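Worksheet: one structure, shown below.
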Amino acid sequence: MNKETPPSETNYSPPSEGLGVVSYRLAKRSNMPKTQRSKKVIADTSSNKNMQTKKIANKYDPKTILIKDYKWADVSFNIRDYGEGIPLLFIHGYPFDGSMWFRAVDILLGKSDIKLDGKLPQSRTNQCPFLKYRAIMPDLRGMGKSESPIISQDPTKNGVKIEKYADDLMELLQQLKISRPVIVVGLSMGGYIAVQFADRHKKHLAGLVMCNTKTTSDPPEVVEKRRAIIDKICSVRNNAQGVLESIADSMIPQLFASHTYRDKQDIIDEVKSMILSNNPHGVSAATWGMAERGDTTKLLENVNVPVLAIGTDEDKITPPSVVKKLAKIAKNGKYVEIHNAGHLTPMEQPEQFAIALNNFISEIEKNKEQ
Ligand code: MLT
């Protein structure tokens, strides 16, 4: 499967209709003539007004918006932006990309045949179920189709700190002119980034969802393994695809619940294709960022918004006991355990995941109204 194919065109339960997919490119400032830099958001093929109409009315219809003058970005970013309403920022895990959320987002936005609790999610205006949520699913710097600059052969100079990924996302929200606080949803490495986002950009956070993730740093043996991956990618330089294959081969048996591994070959193929489509140098940079990260338990303790921790019964990478602790660490935390899922909950059990998320957000909205 082409990993950029919207879910309506993949081989799993095609939704009958949906909102437009908008693929944003946050343009590389350094490559752009000064005269072209402006704060304006410009659609490649149509005016913003047209884009807006398409976003609400159309089927999946990838468009490109060029955002000029991305202030501190040295790279171009690939971002999927679906729907209208409460903004949800989805942060993918390692070494995947933003398309890992498609199945769950389809359900959340009411585009799938699967309904939440037997009914479509309603917008606050009750007019259109598609207008409840806006799902933003970027590829992180250097992952998926977002660019990965190679500055140096020294891995410590190419490495991306977890904090940097979080700041990229804040900048992205600004570029998208999303001023209202967002619900940040991070899976595994995405969760490491989500906590940093919560700490660094407090004012912009309405809720935090920590899925199959943790706040502890890596033990020495994991750091060693990460260093070996970085060394390998650096040593083969332009021919590092084989390293991605070995990452995929070693990760895939660990990633899934037994039921997924046995019966859901489409998901396994999709994940493998996501891993192999990455730029090895982007993967190396993220590997470095994870190895270098510190313990963020204190940061989670200080989060003032509601926190949902989602664990699964068959996660071999982040067992449910670890995820459950996150709900206790947070001031206002809740734990939900999803069954028959491994490490990739939104792909393996998208319906359960979407229900948990929808309930959590509905609760936040209800409390706001009181
Ligand atoms: C992930 O899914 O993001 C990884 O398992 C995170 C990690 O390697 O720590």
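Ligands are numbered from 1 in the order shown, residues from 1 within each chain, and chains are lettered A, B, ... in the order they appear in the structure tokens.
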
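With only C-alpha atoms and all ligand atoms counted, the chains near ligand 1 contribute these residues within 7 Å: Gly93, Tyr94, Pro95, Leu187, Ser188, Met189, Gly190, Met290, Ile317 and His343 of chain A.
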
Quiz item: If you run DSSP on this backbone, which residues of region 189-309 of chain A come out as strand (DSSP E or B), and could you give them as a list of chain:residue names?
Solution: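 Filtering region 189-309 of chain A down to strand (DSSP E or B) leaves A:Leu205, A:Ala206, A:Gly207, A:Leu208, A:Val209, A:Met210, A:Cys211, A:Val307, A:Leu308, A:Ala309.
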
Keeping only N, CA and C atoms, write those residues as a compact mmCIF listing (two decimals), in the first residue's frame.
```
# COMPACT_ATOMS: atom_id res chain seq x y z
N LEU A 205 -2.49 23.69 25.46
CA LEU A 205 -2.90 22.31 25.71
C LEU A 205 -4.26 22.25 26.40
N ALA A 206 -5.19 21.46 25.82
CA ALA A 206 -6.51 21.28 26.45
C ALA A 206 -6.62 19.91 27.11
N GLY A 207 -5.83 18.95 26.64
CA GLY A 207 -5.87 17.61 27.20
C GLY A 207 -4.70 16.83 26.63
N LEU A 208 -4.28 15.79 27.37
CA LEU A 208 -3.10 15.03 26.94
C LEU A 208 -3.46 13.54 26.93
N VAL A 209 -3.18 12.88 25.81
CA VAL A 209 -3.43 11.45 25.72
C VAL A 209 -2.11 10.73 25.51
N MET A 210 -1.79 9.86 26.45
CA MET A 210 -0.52 9.14 26.44
C MET A 210 -0.82 7.68 26.12
N CYS A 211 -0.49 7.29 24.90
CA CYS A 211 -0.90 5.97 24.44
C CYS A 211 0.33 5.06 24.31
N VAL A 307 -5.54 14.13 31.76
CA VAL A 307 -4.63 13.21 31.07
C VAL A 307 -5.30 11.85 30.95
N LEU A 308 -5.27 11.30 29.75
CA LEU A 308 -5.77 9.93 29.54
C LEU A 308 -4.57 9.05 29.18
N ALA A 309 -4.38 7.98 29.94
CA ALA A 309 -3.33 7.00 29.59
C ALA A 309 -4.03 5.79 29.00
```

Quiz prompt | Exercise: Ile178 (chain A) partners within 8 Å, only C-alpha atoms, chain neighbours under 4 positions left out, as JSON, numbers by chain | solution = {"A": [87, 173, 174]}

Could you write out the selected residues, including C-alpha atoms, as a PDB file, in the first residue's frame?
```pdb
ATOM      1  CA  PRO A  87      -8.274  20.395  17.226  1.00  0.00           C
ATOM      2  CA  LEU A 173      -0.055  24.973  15.104  1.00  0.00           C
ATOM      3  CA  GLN A 174       0.890  28.603  14.720  1.00  0.00           C
TER       4      GLN A 174
END
```

Exercise. Mind listing the alpha helix (DSSP H) residues of region 164-263 of chain A, per DSSP on the backbone, as JSON, numbers by chain?
Key: {"A": [164, 165, 166, 167, 168, 169, 170, 171, 172, 173, 174, 175, 189, 190, 191, 192, 193, 194, 195, 196, 197, 198, 199, 200, 220, 221, 222, 223, 224, 225, 226, 227, 228, 229, 230, 231, 232, 233, 234, 235, 236, 241, 242, 243, 244, 245, 246, 247, 248, 249, 250, 251, 252, 253, 254, 255, 258, 259, 260, 261, 262, 263]}

Per residue of region 141-204 of chain A within 12 Å of region 270-275 of chain A, record the nearest atom pair and its distance in Å to one decimal, counting only C-alpha atoms, with rows in chain order and ascending residue number, as a Markdown table.
```
| residue | atom | partner | partner_atom | distance |
| --- | --- | --- | --- | --- |
| A:Met143 | CA | A:Ile275 | CA | 9.2 |
| A:Gly144 | CA | A:Met274 | CA | 7.3 |
| A:Lys145 | CA | A:Met274 | CA | 10.3 |
```

Restricted to C-alpha atoms, what would the selected residues look like written as a JSON list (two decimals), in the first residue's frame?
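Result written to result_1.json:
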```
[["chain", "number", "residue", "atom", "x", "y", "z"],
["A", 143, "MET", "CA", 10.17, 10.83, 9.33],
["A", 144, "GLY", "CA", 7.61, 9.82, 6.70],
["A", 145, "LYS", "CA", 7.66, 12.48, 4.00]]
```

Quiz item: Any idea what the distance is between CA of Lys202 (chain A) and CA of Asp74 (chain A)?
Solution: 24.7 Å

Quiz item: Suppose you want the space between CA of His201 (chain A) and CA of Leu176 (chain A); what is it in Å?
Solution: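 Those two atoms sit 15.8 Å apart.
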
Using only C-alpha atoms, I'd like a table of the residues in region 247-355 of chain A that come within 10 Å of region 216-220 of chain A; for each, show the closest atom pair and its distance in Å rounded to one decimal, ordered by chain and ascending number, as CSV.
```
residue,atom,partner,partner_atom,distance
A:Met290,CA,A:Asp218,CA,7.7
A:Ala291,CA,A:Asp218,CA,6.3
A:Glu292,CA,A:Ser217,CA,8.2
A:Arg293,CA,A:Ser217,CA,6.1
A:Gly294,CA,A:Ser217,CA,5.2
A:Asp295,CA,A:Thr216,CA,4.6
A:Thr296,CA,A:Thr216,CA,6.4
A:Thr297,CA,A:Thr216,CA,6.7
A:Val322,CA,A:Thr216,CA,9.5
```

N, CA and C atoms of the current selection, written as a PDB file, in the first residue's frame:
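Saved file part37.pdb follows:
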```
ATOM      1  N   MET A 290      15.838   9.810  21.273  1.00  0.00           N
ATOM      2  CA  MET A 290      15.264   8.947  22.318  1.00  0.00           C
ATOM      3  C   MET A 290      16.336   8.491  23.303  1.00  0.00           C
ATOM      4  N   ALA A 291      17.520   8.156  22.770  1.00  0.00           N
ATOM      5  CA  ALA A 291      18.603   7.686  23.663  1.00  0.00           C
ATOM      6  C   ALA A 291      19.036   8.790  24.629  1.00  0.00           C
ATOM      7  N   GLU A 292      18.968  10.010  24.163  1.00  0.00           N
ATOM      8  CA  GLU A 292      19.432  11.156  24.976  1.00  0.00           C
ATOM      9  C   GLU A 292      18.372  11.670  25.951  1.00  0.00           C
ATOM     10  N   ARG A 293      17.144  11.258  25.790  1.00  0.00           N
ATOM     11  CA  ARG A 293      16.073  11.908  26.562  1.00  0.00           C
ATOM     12  C   ARG A 293      16.170  11.575  28.052  1.00  0.00           C
ATOM     13  N   GLY A 294      15.695  12.525  28.844  1.00  0.00           N
ATOM     14  CA  GLY A 294      15.711  12.311  30.290  1.00  0.00           C
ATOM     15  C   GLY A 294      14.359  11.791  30.768  1.00  0.00           C
ATOM     16  N   ASP A 295      14.275  11.582  32.072  1.00  0.00           N
ATOM     17  CA  ASP A 295      13.019  11.140  32.679  1.00  0.00           C
ATOM     18  C   ASP A 295      12.062  12.349  32.724  1.00  0.00           C
ATOM     19  N   THR A 296      10.828  12.127  32.306  1.00  0.00           N
ATOM     20  CA  THR A 296       9.883  13.258  32.261  1.00  0.00           C
ATOM     21  C   THR A 296       8.726  13.083  33.259  1.00  0.00           C
ATOM     22  N   THR A 297       8.942  12.229  34.250  1.00  0.00           N
ATOM     23  CA  THR A 297       7.866  11.987  35.222  1.00  0.00           C
ATOM     24  C   THR A 297       7.427  13.291  35.901  1.00  0.00           C
ATOM     25  N   VAL A 322       3.016  -0.324  33.124  1.00  0.00           N
ATOM     26  CA  VAL A 322       3.825   0.902  32.984  1.00  0.00           C
ATOM     27  C   VAL A 322       2.923   2.078  32.603  1.00  0.00           C
TER      28      VAL A 322
END
```

Exercise. Have a look at A:Thr287, A:Asn358, A:Thr318, A:Gln265 and name the one nearest to Asp231 (chain A); count only C-alpha atoms.
Key: A:Thr287

Practice problem: Tell me, in Å to one decimal, how far CA of Ile193 (chain A) is from CA of Glu301 (chain A). | Solution: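 Distance between the two atoms: 15.4 Å.
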